[in-house]
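**Q** Enclosed is the structure file target21.tsv (TSV, C-alpha atoms).
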```
chain	number	residue	atom	x	y	z
A	5	MET	CA	0.00	0.00	0.00
A	6	ALA	CA	2.66	2.47	1.06
A	7	GLN	CA	4.74	1.47	-1.90
A	8	SER	CA	1.97	2.01	-4.42
A	9	LEU	CA	1.08	5.29	-2.72
A	10	ALA	CA	4.61	6.53	-3.26
A	11	LYS	CA	4.52	5.20	-6.80
A	12	GLU	CA	1.32	7.07	-7.65
A	13	PHE	CA	2.76	10.25	-6.18
A	14	THR	CA	6.17	10.13	-7.83
A	15	LYS	CA	4.99	9.10	-11.28
A	16	GLY	CA	3.62	12.65	-11.68
A	17	LEU	CA	7.07	14.07	-11.04
A	18	TRP	CA	8.93	12.34	-13.85
A	19	ALA	CA	7.43	9.29	-15.57
A	20	GLU	CA	4.11	10.97	-16.41
A	21	ILE	CA	4.97	14.61	-15.75
A	22	PRO	CA	2.52	16.88	-17.54
A	23	PRO	CA	2.76	18.59	-19.95
A	24	PHE	CA	6.09	17.02	-21.01
A	25	ARG	CA	5.24	13.34	-20.77
A	26	LEU	CA	1.49	13.55	-21.12
A	27	VAL	CA	1.27	16.33	-23.66
A	28	LEU	CA	-1.99	17.59	-22.17
A	29	GLY	CA	-3.12	20.93	-20.80
A	30	LEU	CA	-1.15	22.92	-23.33
A	31	CYS	CA	-3.43	25.97	-23.26
A	32	PRO	CA	-2.37	27.29	-19.83
A	33	THR	CA	1.13	25.92	-20.38
A	34	LEU	CA	1.74	28.03	-23.45
A	35	ALA	CA	-0.32	31.05	-22.48
A	36	VAL	CA	0.69	31.96	-18.95
A	37	THR	CA	4.33	30.94	-18.61
A	38	LYS	CA	5.76	34.37	-19.36
A	39	THR	CA	7.24	34.49	-15.88
A	40	VAL	CA	8.08	31.91	-13.22
A	41	GLU	CA	5.53	33.56	-10.94
A	42	ASN	CA	2.67	33.05	-13.38
A	43	GLY	CA	3.73	29.43	-13.88
A	44	ILE	CA	3.79	28.71	-10.15
A	45	GLY	CA	0.44	30.45	-9.60
A	46	MET	CA	-1.22	28.56	-12.42
A	47	GLY	CA	0.37	25.28	-11.29
A	48	LEU	CA	-0.77	25.67	-7.68
A	49	ALA	CA	-4.31	26.59	-8.75
A	50	THR	CA	-4.44	23.51	-10.97
A	51	THR	CA	-2.97	21.33	-8.18
A	52	PHE	CA	-5.69	22.43	-5.77
A	53	VAL	CA	-8.39	21.61	-8.31
A	54	LEU	CA	-6.75	18.27	-9.20
A	55	VAL	CA	-6.43	17.07	-5.60
A	56	PHE	CA	-9.99	17.92	-4.61
A	57	SER	CA	-11.66	16.82	-7.83
A	58	ASN	CA	-9.75	13.52	-7.66
A	59	LEU	CA	-10.79	13.05	-4.04
A	60	LEU	CA	-14.45	13.71	-4.75
A	61	VAL	CA	-14.62	11.71	-7.95
A	62	SER	CA	-13.00	8.80	-6.15
A	63	LEU	CA	-15.38	9.03	-3.17
A	64	LEU	CA	-18.39	9.11	-5.47
A	65	ARG	CA	-17.05	6.58	-7.98
A	66	ASN	CA	-19.66	3.96	-7.05
A	67	THR	CA	-22.51	6.47	-6.81
A	68	ILE	CA	-22.10	8.29	-10.11
A	69	PRO	CA	-24.06	6.56	-12.90
A	70	PRO	CA	-21.65	5.73	-15.76
A	71	LYS	CA	-23.79	7.42	-18.40
A	72	VAL	CA	-23.63	10.88	-16.80
A	73	ARG	CA	-20.16	10.56	-15.31
A	74	ILE	CA	-18.58	13.25	-17.50
A	75	ALA	CA	-21.30	15.74	-16.57
A	76	CYS	CA	-20.75	14.92	-12.90
A	77	TYR	CA	-16.97	15.34	-13.22
A	78	ILE	CA	-17.43	18.71	-14.90
A	79	VAL	CA	-19.75	19.91	-12.11
A	80	ILE	CA	-17.21	18.83	-9.47
A	81	ILE	CA	-14.26	20.37	-11.33
A	82	ALA	CA	-16.10	23.60	-12.11
A	83	THR	CA	-17.02	24.00	-8.45
A	84	PHE	CA	-13.41	23.80	-7.31
A	85	VAL	CA	-12.22	26.07	-10.11
A	86	THR	CA	-14.73	28.72	-9.05
A	87	ILE	CA	-13.56	28.39	-5.44
A	88	VAL	CA	-9.96	28.91	-6.60
A	89	GLU	CA	-11.02	31.93	-8.62
A	90	LEU	CA	-12.82	33.56	-5.69
A	91	VAL	CA	-10.00	32.83	-3.25
A	92	MET	CA	-7.40	34.19	-5.67
A	93	GLN	CA	-9.42	37.36	-6.13
A	94	ALA	CA	-9.66	37.79	-2.39
A	95	PHE	CA	-6.03	37.13	-1.51
A	96	THR	CA	-3.73	37.40	-4.54
A	97	TYR	CA	-5.50	39.94	-6.72
A	98	PRO	CA	-2.45	41.04	-8.80
A	99	LEU	CA	-1.73	37.42	-9.73
A	100	PHE	CA	-5.40	36.92	-10.56
A	101	LEU	CA	-5.17	39.88	-12.95
A	102	LYS	CA	-2.18	38.35	-14.72
A	103	LEU	CA	-3.70	34.87	-15.07
A	104	GLY	CA	-7.11	36.36	-15.83
A	105	ILE	CA	-9.20	34.26	-18.16
A	106	PHE	CA	-6.94	31.21	-17.78
A	107	ILE	CA	-8.16	30.48	-14.24
A	108	PRO	CA	-11.76	29.71	-15.29
A	109	LEU	CA	-10.28	27.74	-18.20
A	110	ILE	CA	-8.86	25.16	-15.75
A	111	VAL	CA	-12.35	23.60	-16.01
A	112	VAL	CA	-11.55	22.41	-19.51
A	113	ASN	CA	-7.94	21.48	-18.75
A	114	CYS	CA	-7.50	17.94	-20.10
A	115	ILE	CA	-5.20	16.98	-17.24
A	116	VAL	CA	-7.89	17.50	-14.61
A	117	LEU	CA	-10.62	15.69	-16.49
A	118	GLY	CA	-8.11	13.07	-17.63
A	119	ARG	CA	-7.06	12.20	-14.09
A	120	ALA	CA	-10.69	12.05	-12.94
A	121	GLU	CA	-11.63	9.70	-15.77
A	122	ALA	CA	-8.47	7.61	-16.05
A	123	PHE	CA	-7.46	7.35	-12.42
A	124	ALA	CA	-9.80	8.64	-9.71
A	125	SER	CA	-12.88	6.87	-11.04
A	126	LYS	CA	-11.11	3.50	-10.67
A	127	ASN	CA	-9.03	3.92	-7.51
A	128	THR	CA	-9.39	4.56	-3.78
A	129	PRO	CA	-9.57	8.13	-2.40
A	130	VAL	CA	-6.12	7.93	-0.80
A	131	LEU	CA	-4.43	6.80	-4.02
A	132	SER	CA	-6.39	9.39	-6.00
A	133	VAL	CA	-5.24	12.23	-3.76
A	134	ALA	CA	-1.64	11.01	-4.09
A	135	ASP	CA	-2.07	10.88	-7.86
A	136	GLY	CA	-3.61	14.38	-7.99
A	137	LEU	CA	-0.91	15.80	-5.76
A	138	GLY	CA	1.88	14.21	-7.78
A	139	ILE	CA	0.52	15.26	-11.15
A	140	GLY	CA	-0.26	18.74	-9.79
A	141	ILE	CA	3.22	19.27	-8.38
A	142	GLY	CA	4.71	17.93	-11.59
A	143	PHE	CA	2.59	20.39	-13.58
A	144	THR	CA	3.67	23.24	-11.29
A	145	LEU	CA	7.36	22.30	-11.71
A	146	SER	CA	6.96	22.09	-15.48
A	147	LEU	CA	5.26	25.46	-15.72
A	148	ALA	CA	7.82	27.03	-13.40
A	149	SER	CA	10.77	25.67	-15.37
A	150	LEU	CA	9.20	26.65	-18.70
A	151	GLY	CA	8.49	30.07	-17.21
A	152	ALA	CA	12.08	30.31	-16.01
A	153	VAL	CA	13.49	29.56	-19.47
A	154	ARG	CA	11.15	32.01	-21.19
A	155	GLU	CA	11.51	34.77	-18.63
A	156	LEU	CA	15.29	34.48	-18.39
A	157	ILE	CA	15.78	34.65	-22.15
A	158	GLY	CA	12.84	36.90	-22.92
A	159	SER	CA	13.10	39.49	-20.17
A	160	GLY	CA	16.41	38.73	-18.47
A	161	THR	CA	14.81	38.36	-15.04
A	162	ILE	CA	13.45	35.69	-12.69
A	163	THR	CA	10.28	36.53	-10.74
A	164	ILE	CA	9.30	33.93	-8.16
A	165	TRP	CA	6.52	35.66	-6.22
A	166	GLY	CA	5.03	39.08	-5.59
A	167	GLY	CA	5.83	40.74	-8.90
A	168	ASN	CA	9.42	41.83	-8.13
A	169	PRO	CA	12.29	40.00	-9.85
A	170	VAL	CA	14.58	38.14	-7.46
A	171	PHE	CA	17.25	37.94	-10.12
A	172	ALA	CA	18.14	40.15	-13.05
A	173	VAL	CA	20.86	39.47	-15.59
A	174	GLY	CA	21.93	43.08	-15.87
A	175	ASP	CA	21.87	45.93	-18.35
A	176	TRP	CA	24.34	44.35	-20.76
A	177	TYR	CA	21.77	41.74	-21.71
A	178	GLN	CA	19.49	42.62	-24.62
A	179	PRO	CA	16.21	40.75	-23.86
A	180	PHE	CA	15.17	38.39	-26.64
A	181	SER	CA	11.48	39.31	-26.33
A	182	PHE	CA	10.45	36.69	-28.91
A	183	MET	CA	10.55	34.18	-26.07
A	184	VAL	CA	7.80	35.85	-24.03
A	185	GLU	CA	5.55	36.09	-27.09
A	186	ALA	CA	3.27	33.20	-28.06
A	187	PRO	CA	5.61	31.58	-30.65
A	188	GLY	CA	8.41	31.57	-28.08
A	189	ALA	CA	6.24	29.36	-25.89
A	190	PHE	CA	6.11	26.69	-28.59
A	191	VAL	CA	9.85	26.89	-29.23
A	192	ALA	CA	10.70	26.70	-25.52
A	193	LEU	CA	8.29	23.82	-24.93
A	194	GLY	CA	9.62	21.94	-27.95
A	195	LEU	CA	13.23	22.32	-26.87
A	196	MET	CA	12.44	21.21	-23.32
A	197	LEU	CA	10.50	18.20	-24.62
A	198	ALA	CA	13.44	17.25	-26.80
A	199	GLY	CA	15.79	17.63	-23.85
A	200	MET	CA	13.62	15.42	-21.66
A	201	ASN	CA	13.38	12.76	-24.34
A	202	LEU	CA	17.16	12.83	-24.71
A	203	ILE	CA	17.65	12.24	-20.97
A	204	GLY	CA	14.85	9.69	-20.80
A	205	LYS	CA	16.35	7.62	-23.60
A	206	LYS	CA	19.46	6.60	-21.74
B	7	MET	CA	-36.30	3.69	-15.75
B	8	ARG	CA	-34.42	3.05	-12.55
B	9	GLU	CA	-31.18	4.07	-14.14
B	10	MET	CA	-32.71	7.27	-15.41
B	11	ILE	CA	-34.00	8.25	-11.99
B	12	SER	CA	-30.62	7.62	-10.42
B	13	MET	CA	-28.98	9.77	-13.10
B	14	ILE	CA	-31.36	12.64	-12.41
B	15	VAL	CA	-31.09	12.34	-8.65
B	16	VAL	CA	-27.29	12.16	-8.59
B	17	LEU	CA	-26.80	15.09	-10.96
B	18	THR	CA	-29.39	17.23	-9.18
B	19	LEU	CA	-27.88	16.52	-5.77
B	20	LEU	CA	-24.37	17.18	-7.01
B	21	ALA	CA	-25.35	20.46	-8.64
B	22	SER	CA	-27.27	21.69	-5.59
B	23	VAL	CA	-24.48	20.83	-3.17
B	24	SER	CA	-21.90	22.60	-5.31
B	25	GLY	CA	-24.24	25.56	-5.72
B	26	GLY	CA	-24.59	25.84	-1.97
B	27	LEU	CA	-20.84	25.49	-1.44
B	28	LEU	CA	-20.13	28.22	-3.99
B	29	ALA	CA	-22.68	30.55	-2.42
B	30	ALA	CA	-20.96	30.09	0.93
B	31	VAL	CA	-17.47	30.75	-0.49
B	32	LYS	CA	-18.76	33.74	-2.44
B	33	SER	CA	-20.33	35.40	0.58
B	34	GLY	CA	-17.23	34.60	2.64
B	35	THR	CA	-14.85	36.30	0.20
B	36	GLU	CA	-17.12	39.13	-0.94
B	37	VAL	CA	-15.87	41.83	1.41
B	38	ARG	CA	-12.22	41.05	0.75
B	39	ILE	CA	-12.69	40.96	-3.02
B	40	GLU	CA	-14.42	44.35	-2.82
B	41	GLU	CA	-11.40	45.73	-0.95
B	42	GLN	CA	-8.99	44.26	-3.48
B	43	ILE	CA	-10.92	45.70	-6.42
B	44	LEU	CA	-10.89	49.10	-4.74
B	45	LYS	CA	-7.14	48.89	-4.20
B	46	PHE	CA	-6.04	47.39	-7.51
B	47	GLN	CA	-8.71	48.55	-9.99
B	48	LYS	CA	-10.54	51.65	-8.81
B	49	ALA	CA	-7.63	53.41	-7.10
B	50	PRO	CA	-5.28	53.31	-10.15
B	51	ALA	CA	-8.15	54.35	-12.44
B	52	ILE	CA	-8.96	57.35	-10.26
B	53	GLU	CA	-5.31	58.29	-9.94
B	54	SER	CA	-4.86	58.39	-13.69
B	55	LEU	CA	-8.12	60.31	-14.19
B	56	PHE	CA	-7.33	63.03	-11.63
B	57	THR	CA	-3.66	63.88	-11.82
B	58	ASP	CA	-3.78	67.08	-9.75
B	59	VAL	CA	-6.17	66.58	-6.85
B	60	THR	CA	-5.95	68.46	-3.56
B	61	ASN	CA	-8.01	65.92	-1.63
B	62	ASP	CA	-8.16	62.13	-1.38
B	63	PRO	CA	-11.09	60.91	-3.53
B	64	LEU	CA	-10.72	57.37	-2.20
B	65	LYS	CA	-11.04	58.35	1.44
B	66	GLU	CA	-13.91	60.78	0.86
B	67	ARG	CA	-16.01	58.32	-1.11
B	68	PHE	CA	-19.71	58.07	-0.28
B	69	ASN	CA	-22.61	55.94	-1.46
B	70	ILE	CA	-25.80	56.88	-3.24
B	71	GLU	CA	-28.62	54.37	-3.41
B	72	THR	CA	-30.17	54.05	-6.84
B	73	GLN	CA	-32.96	51.75	-7.87
B	74	GLU	CA	-30.61	49.08	-9.18
B	75	ARG	CA	-27.59	49.27	-6.92
B	76	THR	CA	-25.44	51.21	-4.52
B	77	LEU	CA	-23.32	53.68	-6.40
B	78	GLN	CA	-19.91	54.56	-4.98
B	79	ILE	CA	-19.05	58.21	-5.67
B	80	PHE	CA	-15.45	59.48	-5.49
B	81	PRO	CA	-15.40	63.31	-5.15
B	82	ALA	CA	-12.29	65.18	-6.28
B	83	LYS	CA	-11.15	68.74	-5.81
B	84	LEU	CA	-8.82	69.76	-8.58
B	85	GLN	CA	-5.94	72.20	-8.22
B	86	ASP	CA	-7.55	74.78	-10.51
B	87	GLY	CA	-10.43	75.07	-8.04
B	88	SER	CA	-13.00	73.04	-9.94
B	89	ALA	CA	-14.71	69.97	-8.54
B	90	ALA	CA	-15.38	66.65	-10.19
B	91	VAL	CA	-16.73	63.24	-9.32
B	92	ALA	CA	-15.85	59.77	-10.49
B	93	PHE	CA	-18.01	56.67	-10.31
B	94	GLU	CA	-18.11	53.25	-11.91
B	95	THR	CA	-20.70	51.97	-14.35
B	96	PHE	CA	-20.96	48.60	-16.04
B	97	GLY	CA	-21.46	48.19	-19.78
B	98	LYS	CA	-23.46	45.14	-20.73
B	99	GLY	CA	-22.62	42.94	-23.68
B	100	GLY	CA	-18.84	42.55	-23.61
B	101	TYR	CA	-17.32	39.28	-24.80
B	102	GLY	CA	-16.59	38.24	-21.23
B	103	GLY	CA	-19.57	39.79	-19.43
B	104	ASP	CA	-19.98	43.29	-18.10
B	105	ILE	CA	-17.16	45.79	-18.46
B	106	GLY	CA	-16.50	48.20	-15.61
B	107	LEU	CA	-15.79	51.80	-16.55
B	108	MET	CA	-14.68	54.48	-14.11
B	109	VAL	CA	-16.07	57.75	-15.46
B	110	ALA	CA	-15.02	61.18	-14.21
B	111	ILE	CA	-17.34	64.15	-14.73
B	112	ASP	CA	-16.64	67.82	-14.00
B	113	LEU	CA	-19.31	69.20	-11.67
B	114	ASP	CA	-19.07	72.80	-12.97
B	115	SER	CA	-19.05	72.30	-16.72
B	116	ASP	CA	-20.92	68.96	-16.78
B	117	LYS	CA	-18.34	67.53	-19.16
B	118	LEU	CA	-16.67	64.13	-19.03
B	119	VAL	CA	-13.14	64.52	-17.69
B	120	GLY	CA	-12.19	61.04	-18.81
B	121	ALA	CA	-12.84	57.35	-18.39
B	122	ARG	CA	-10.81	54.23	-17.56
B	123	VAL	CA	-11.75	50.58	-17.91
B	124	THR	CA	-11.58	48.72	-14.58
B	125	THR	CA	-12.83	45.14	-14.28
B	126	HIS	CA	-13.30	43.12	-17.45
B	127	ALA	CA	-12.82	39.63	-18.85
B	128	GLU	CA	-12.24	40.47	-22.50
B	129	THR	CA	-9.96	38.50	-24.81
B	130	PRO	CA	-6.29	39.21	-24.04
B	131	GLY	CA	-4.69	41.18	-26.86
B	132	LEU	CA	-8.00	42.17	-28.48
B	133	GLY	CA	-10.74	43.42	-26.17
B	134	SER	CA	-8.28	43.89	-23.34
B	135	ARG	CA	-6.76	46.80	-25.27
B	136	ALA	CA	-9.73	48.86	-24.08
B	137	LYS	CA	-7.96	48.85	-20.73
B	138	ASP	CA	-4.29	48.60	-21.70
B	139	ASP	CA	-4.36	51.32	-24.35
B	140	PRO	CA	-6.21	54.40	-23.08
B	141	SER	CA	-6.45	55.99	-26.52
B	142	PHE	CA	-9.93	54.53	-27.01
B	143	VAL	CA	-11.45	55.72	-23.73
B	144	SER	CA	-9.72	59.09	-24.06
B	145	GLN	CA	-12.20	59.87	-26.82
B	146	PHE	CA	-14.82	60.37	-24.11
B	147	ALA	CA	-12.84	63.19	-22.51
B	148	GLY	CA	-14.36	66.63	-23.02
B	149	LYS	CA	-17.71	65.32	-24.23
B	150	PRO	CA	-20.69	67.15	-22.67
B	151	ILE	CA	-23.09	65.18	-20.52
B	152	ASP	CA	-25.84	65.34	-23.16
B	153	ALA	CA	-23.55	64.38	-26.06
B	154	ASP	CA	-24.70	61.49	-28.18
B	155	LEU	CA	-22.10	58.76	-27.66
B	156	ALA	CA	-22.05	56.06	-30.31
B	157	LEU	CA	-19.49	54.19	-32.36
B	158	LYS	CA	-18.85	55.25	-35.93
B	159	SER	CA	-20.22	51.91	-37.10
B	160	ASP	CA	-23.45	52.85	-35.29
B	161	ASN	CA	-23.54	56.27	-37.00
B	162	GLY	CA	-21.79	57.98	-34.10
B	163	THR	CA	-18.47	59.73	-33.64
B	164	ILE	CA	-16.40	57.32	-31.53
B	165	ASP	CA	-13.69	55.27	-33.23
B	166	ALA	CA	-13.98	51.65	-32.16
B	167	ILE	CA	-10.88	49.59	-31.29
B	168	SER	CA	-10.09	47.68	-34.45
B	169	GLY	CA	-10.87	44.01	-34.00
B	170	ALA	CA	-12.84	44.67	-30.83
B	171	THR	CA	-16.10	46.32	-31.86
B	172	VAL	CA	-18.19	44.34	-29.37
B	173	THR	CA	-15.93	45.45	-26.52
B	174	SER	CA	-15.94	49.05	-27.74
B	175	ARG	CA	-19.72	49.03	-27.88
B	176	ALA	CA	-20.00	47.68	-24.33
B	177	VAL	CA	-17.60	50.38	-23.05
B	178	THR	CA	-19.59	53.06	-24.88
B	179	ARG	CA	-22.75	51.71	-23.30
B	180	ALA	CA	-21.13	52.11	-19.88
B	181	ALA	CA	-20.27	55.72	-20.73
B	182	ILE	CA	-23.85	56.44	-21.81
B	183	GLN	CA	-25.08	54.89	-18.60
B	184	ALA	CA	-22.75	57.19	-16.69
B	185	GLN	CA	-24.19	60.24	-18.50
B	186	GLU	CA	-27.72	59.17	-17.60
B	187	LEU	CA	-26.89	58.41	-13.98
B	188	TYR	CA	-25.08	61.71	-13.58
B	189	SER	CA	-27.92	63.82	-14.97
B	190	LYS	CA	-30.33	62.00	-12.69
B	191	LEU	CA	-28.22	62.06	-9.55
B	192	LYS	CA	-26.42	65.41	-9.80
B	193	PRO	CA	-28.60	67.21	-7.21
B	194	GLU	CA	-28.01	64.44	-4.72
B	195	ILE	CA	-24.28	64.36	-5.41
B	196	LEU	CA	-24.01	68.13	-4.81
B	197	LYS	CA	-25.96	67.77	-1.59
B	198	GLN	CA	-23.67	65.00	-0.35
B	199	ILE	CA	-20.49	66.91	-1.15
B	200	GLN	CA	-21.50	69.93	0.91
```
Could you write out this structure as structure tokens?

**A**
Amino acid sequence: MAQSLAKEFTKGLWAEIPPFRLVLGLCPTLAVTKTVENGIGMGLATTFVLVFSNLLVSLLRNTIPPKVRIACYIVIIATFVTIVELVMQAFTYPLFLKLGIFIPLIVVNCIVLGRAEAFASKNTPVLSVADGLGIGIGFTLSLASLGAVRELIGSGTITIWGGNPVFAVGDWYQPFSFMVEAPGAFVALGLMLAGMNLIGKK
Amino acid sequence: MREMISMIVVLTLLASVSGGLLAAVKSGTEVRIEEQILKFQKAPAIESLFTDVTNDPLKERFNIETQERTLQIFPAKLQDGSAAVAFETFGKGGYGGDIGLMVAIDLDSDKLVGARVTTHAETPGLGSRAKDDPSFVSQFAGKPIDADLALKSDNGTIDAISGATVTSRAVTRAAIQAQELYSKLKPEILKQIQ
């Protein structure tokens, strides 16, 4: 039990890390990772939704009629997304402004629905929470590292939290602003995917 | 039949429970969200509308009850001796719901001093330019309170943001609403200021 618990948790951190291994949830991945801060914020919001939707779907897995399961999952997921949205507005308003429309869009994030359908609906609550937590933290790490690459090259800074850069390259660096534009997101993601495949191959 | 009833019951129960939960969270966070909007949306809008005030419009704000809602009025005393007020209206029909517009009106000349978009959920890069690029809303500045505000595509005089006509129309609607509210409430506003 303990072994499989650890397995379900750690698979989200490397073996099935989204969006690199499971190439799902690309919309927030590409759109918000202009800074590390945005990536972490988006990742944590998604983690919260993943953990609680997995828990609830798993608890109700024998109650929900199979024919309306997707509708039920969407209701559960949408509820937690709205909670995240309200809480972010109340406590981290500047971050909410930056993530804007992409917070409500967590409802249609394939990762969340995918975990509910593929994992939580077939496993116990404890395993499902471990799975949600692992995938969520993996997603947060991915977004943060993608954000770090894009922000460092595109703006020459690293912003972890609160809007002020904790690290700046200096004035000699001419920011390559292509990387914080939309096409730069694809290029950065592609290069990181290639890098991960290279390491994974050995 | 049995299966159908269980589908209906489960979905109904699930939806009602989540509705109740959301209502609770909403009422729990309402006050704080209001504070945050005041700090991060209304305050910057007012600051950029009134650059040379001698008072603090945020601190001196007062409420006027209208039929639909409570209207927050921010009074400003300008350095040239004139007085103005700012308040927020909401334009219906944006792409992402209502668009908030902070409108400033000069109390002596009854002309619009300016307007700034506050809360909105428009498409980033298109409709969101109504907020990020003030050149659209600056067209309202200097217009009298009885001026006919309409987009050029609606036979008016206001240039819409290219690629964001729906947003521009919603913002214009908010400005018209501000004109109407002001002409209706001016006596009460003057009474409150004194």

**Q** Compute the chain A side of the contact with chain B at 7 Å, counting all atoms listed in the file, and hand it back as a PDB file with C-alpha atoms, in the coordinates of the input.

**A**
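What landed in part.pdb:
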```pdb
ATOM      1  CA  ILE A  68     -22.100   8.290 -10.110  1.00  0.00           C
ATOM      2  CA  PRO A  69     -24.060   6.560 -12.900  1.00  0.00           C
ATOM      3  CA  VAL A  72     -23.630  10.880 -16.800  1.00  0.00           C
ATOM      4  CA  CYS A  76     -20.750  14.920 -12.900  1.00  0.00           C
ATOM      5  CA  VAL A  79     -19.750  19.910 -12.110  1.00  0.00           C
ATOM      6  CA  THR A  83     -17.020  24.000  -8.450  1.00  0.00           C
ATOM      7  CA  ILE A  87     -13.560  28.390  -5.440  1.00  0.00           C
ATOM      8  CA  LEU A  90     -12.820  33.560  -5.690  1.00  0.00           C
ATOM      9  CA  VAL A  91     -10.000  32.830  -3.250  1.00  0.00           C
ATOM     10  CA  GLN A  93      -9.420  37.360  -6.130  1.00  0.00           C
ATOM     11  CA  ALA A  94      -9.660  37.790  -2.390  1.00  0.00           C
ATOM     12  CA  TYR A  97      -5.500  39.940  -6.720  1.00  0.00           C
ATOM     13  CA  ILE A 105      -9.200  34.260 -18.160  1.00  0.00           C
TER      14      ILE A 105
END
```

**Q** So the first atom is CA of Val177 (chain B) and the second is CA of Ala136 (chain B); what is the distance between them in Å, to one decimal place?

**A** 8.1 Å

**Q** Counting all atoms listed in the file, what is within 9 Å of region 176-179 of chain A, bar same-chain residues fewer than 6 positions away, as a VMD selection string?

**A** chain A and resid 156 to 160

**Q** Report, in Å to a single decimal, how far apart CA of Ala6 (chain A) and CA of Gly140 (chain A) are.

**A**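 Those two atoms sit 19.8 Å apart.
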
**Q** Could you tell me which of B:Ala90, B:Leu84, B:Ile70, B:Ala51 comes closest to Leu118 (chain B) if we count only C-alpha atoms?

**A**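 For Leu118 (chain B), the nearest of the given residues is B:Ala90.
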
**Q** Please determine, counting only C-alpha atoms, which residue among B:Phe56, B:Ser22, B:Ala92, B:Asp86 has the shortest atom-to-atom distance to Phe68 (chain B).

**A** B:Ala92

**Q** I want to know what sits within 7 Å of region 41-56 of chain A, based on only C-alpha atoms, with residues of the same chain fewer than 6 positions away left out; could you give that as a list in words?

**A**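 Non-adjacent residues within range: Ile81, Phe84, Val85, Val88, Leu103, Ile110, Val116, Val133, Gly136, Leu137, Gly140, Ile141, Phe143, Thr144, Leu147, Ala148, Gly151, Thr163, Ile164 and Trp165 of chain A.
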
**Q** Which polymer residues have any atom within 7 Å of an atom of region 148-152 of chain B, counting all atoms listed in the file, with same-chain residues fewer than 2 positions away left out, as a PyMOL selection string?

**A** chain B and resi 116-119+146+154+185

**Q** Could you please give me, as a VMD selection string, the residues of protein, DNA or RNA lying at most 12 Å from (-9.6, 10.1, -17.7) in the coordinate frame of the file, considering all atoms listed in the file?

**A** chain A and resid 28 58 61 73 to 74 77 to 78 113 to 127

**Q** Pick out the residues sitting within 10 Å of Ala170 (chain B), and hand them over as a VMD selection string; count all atoms listed in the file, and ignore anything fewer than 6 positions along from it in its own chain.

**A** chain B and resid 100 to 101 128 to 129 131 to 136

**Q** When you draw a straight line from CA of Phe142 (chain B) to CA of Glu186 (chain B), how long is it in Å?

**A**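 Between CA of Phe142 (chain B) and CA of Glu186 (chain B) the gap works out to 20.7 Å.
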
**Q** Please determine, counting all atoms listed in the file, which residue among A:Leu9, A:Ala19, A:Ile107, A:Ala35 has the shortest atom-to-atom distance to Met92 (chain A).

**A**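 Among the listed residues, the smallest separation from Met92 (chain A) belongs to A:Ile107.
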
**Q** When distances are computed from all atoms listed in the file, which of B:Glu71, B:Leu107, B:Ile79, B:Ile52 shows the smallest separation from Leu196 (chain B)?

**A** B:Ile79

**Q** Which one is closest to Arg122 (chain B): B:Ile164, B:Leu55, B:Ala176, B:Leu44? Count only C-alpha atoms.

**A**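 The answer is B:Leu55, which sits nearest to Arg122 (chain B).
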
**Q** Give me the residues near region 58-66 of chain B as number ranges by chain, where near means some atom within 8 Å (using only C-alpha atoms) and where sequence neighbours in that chain fewer than 6 positions away do not count.

**A** B: 49, 52, 80-85
